[in-house]
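Undergrad: Questions regarding the structure given below will be posed in turn.
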Amino acid sequence: QPEIAAALLKRGREAGIHTAVESCLHTPWSYIAPSLPWLDLMLADLKHVDEVRFKQWTDGSAKRVMDNFRRLAAAGTAITVRVPLIPEFNADRASIRAITDFAADDVGAHKNALIHIVKPPVCTERAQHYTETYQQHQDKPLPVRRALALANHLANRTIWIKNDELIIGNQASELRAAPIFPEYTVSWIESEIDELADRPGAGFAVSEENKAILHKLCPWWRGQTVQDRCYGMFTDEQKALLATGIIKAEGNMTSGDAHLAVNFPLLLEKGLDGLREKVAERRTRLQLTDWDDLHKEQFLKA
């Protein structure tokens, strides 16, 4: 009864009431269109985007639902996309990826929010690129190795841009994925990687392929991480205090760099070329026979 629905929504809007409709969107567009001028929000289910699987489970058409989503988005209707999680139907990584890609790229659902109904994945791209570079350049000073590793990662990492993103950029190969930083620590990775998905508070989905990759990479880093080097500097008294469990220092050892902020005003003022010129000029004034300047040279070179 599209006429009755439109009339009801119109009266609500005229009375200053926010209007919303819940729907599975498996209905002719001609039933939806009359309500759009009076509709503030559509709460719609997106169960799957695979036509065959949708037909098998619901005896309906995923194409009809998807077409209605596209038409709503084109009409400028605010949409909350809801994904009911159904085991053996859509509660798997591939299905959720396909659903969220459609919702973001075709509907623009990322403008509001996509409900996080599955655990975020782990991305091993960064770990692979950094391990590869550190292994190939073991003779280089640490600042240079870090710079080469970053360059390798930026040159070879997966790049993706979602529809209508005004600020682009991502830290991993997939939506919401967590990269791995083996140069800081690998002890927790080796001990928890097989059970990460079972953690109740902050679980991550780890594919069997990525588990195998991490189990292969981590042994090389033992004794070379920031955490290992920090532990190597502790006195016996400090080690005894840490062993009590009362004092914890892992946070600063394994994620201390996260507390550093980039000088964005300087970057925006001078630009990358301006910073390169500043670095080049500073290097001309270094005295490499001076111990401190020698260390500065490695940093500026990086």
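So you can find residues: chains in the structure tokens are A, B, ... in the order shown, residues in each start at 1, and ligands are numbered from 1 in order.
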Based on the backbone DSSP call, show me all residues of segment 103-263 of chain A assigned strand (DSSP E), as a VMD selection string.
TA: chain A and resid 122 to 123 178 to 179
Undergrad: I need the chosen residues saved as a CSV table (one decimal), in the first residue's frame, with N, CA and C atoms.
TA:
chain,number,residue,atom,x,y,z
A,122,VAL,N,43.8,-9.5,10.1
A,122,VAL,CA,45.2,-9.2,10.2
A,122,VAL,C,45.8,-9.1,8.8
A,123,CYS,N,46.6,-8.1,8.6
A,123,CYS,CA,47.3,-7.9,7.3
A,123,CYS,C,48.8,-8.1,7.6
A,178,ALA,N,44.4,-4.9,10.6
A,178,ALA,CA,45.5,-4.5,11.5
A,178,ALA,C,46.9,-4.9,10.9
A,179,PRO,N,47.8,-4.0,10.6
A,179,PRO,CA,49.1,-4.4,10.2
A,179,PRO,C,49.9,-4.9,11.4
Undergrad: Find the spatial neighbours of segment 206-213 of chain A, counting only C-alpha atoms, within a cut-off of 8 Å - ignore same-chain residues fewer than 5 positions away - and output them as a PyMOL selection string.
TA: chain A and resi 121-124+193-194+196-197
Undergrad: The selected residues should be written to file as a short mmCIF file (atom, residue, chain, number, x, y, z; two decimals), in the first residue's frame (atoms: N, CA and C atoms).
TA:
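Listed below is the output, selection34.cif:
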data_model
loop_
_atom_site.label_atom_id
_atom_site.label_comp_id
_atom_site.auth_asym_id
_atom_site.auth_seq_id
_atom_site.Cartn_x
_atom_site.Cartn_y
_atom_site.Cartn_z
N PRO A 121 40.37 -8.22 10.15
CA PRO A 121 41.43 -9.15 9.77
C PRO A 121 42.82 -8.64 10.12
N VAL A 122 43.77 -9.53 10.09
CA VAL A 122 45.18 -9.18 10.23
C VAL A 122 45.80 -9.10 8.84
N CYS A 123 46.59 -8.06 8.62
CA CYS A 123 47.28 -7.88 7.34
C CYS A 123 48.78 -8.11 7.56
N THR A 124 49.39 -8.94 6.74
CA THR A 124 50.81 -9.27 6.90
C THR A 124 51.71 -8.57 5.88
N ILE A 193 49.10 -15.83 17.96
CA ILE A 193 48.59 -15.73 16.59
C ILE A 193 47.53 -16.78 16.28
N ASP A 194 47.67 -17.98 16.83
CA ASP A 194 46.70 -19.04 16.53
C ASP A 194 45.40 -18.88 17.30
N LEU A 196 44.17 -15.61 18.17
CA LEU A 196 43.73 -14.22 18.10
C LEU A 196 42.23 -14.10 17.86
N ALA A 197 41.69 -14.98 17.06
CA ALA A 197 40.26 -14.90 16.74
C ALA A 197 39.38 -15.21 17.93
#
Undergrad: Which residue out of A:Ile86, A:Thr100, A:Cys24, A:Pro34 has the minimum interatomic distance to Lys10 of chain A when only C-alpha atoms are used?
TA: A:Pro34
Undergrad: What is the atom CA of Asp59 of chain A-atom CA of Ile99 of chain A distance in Å, reported with one decimal?
TA: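 So the answer is 18.7 Å.
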Undergrad: Find the spatial neighbours of segment 221-227 of chain A, counting only C-alpha atoms, within a cut-off of 9 Å - ignore same-chain residues fewer than 4 positions away - and output them as a count of residues only.
TA: 13
Undergrad: Give the answer as one residue: which of A:Ala172, A:Leu41, A:Ile79, A:Leu300 has the shortest atom-to-atom distance to Arg276 of chain A, using only C-alpha atoms?
TA: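 Checking each of A:Ala172, A:Leu41, A:Ile79, A:Leu300 against Arg276 of chain A, counting only C-alpha atoms, the winner is A:Leu300.
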Undergrad: As an exercise, work out the distance from atom CA of Thr27 of chain A to atom CA of Asn68 of chain A in Å and give it to one decimal place.
TA: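 Taking atom CA of Thr27 of chain A and atom CA of Asn68 of chain A, their separation equals 8.3 Å.
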Undergrad: Based on DSSP run over this structure's backbone, return all residues of segment 6-224 of chain A in alpha helix (DSSP H), as number ranges by chain.
TA: A: 6-14, 29-32, 51-58, 62-74, 93-105, 125-136, 142-156, 187-192, 208-221
Undergrad: Mind pulling up the distance from atom CA of Leu148 of chain A to atom CA of Thr133 of chain A?
TA: 6.7 Å
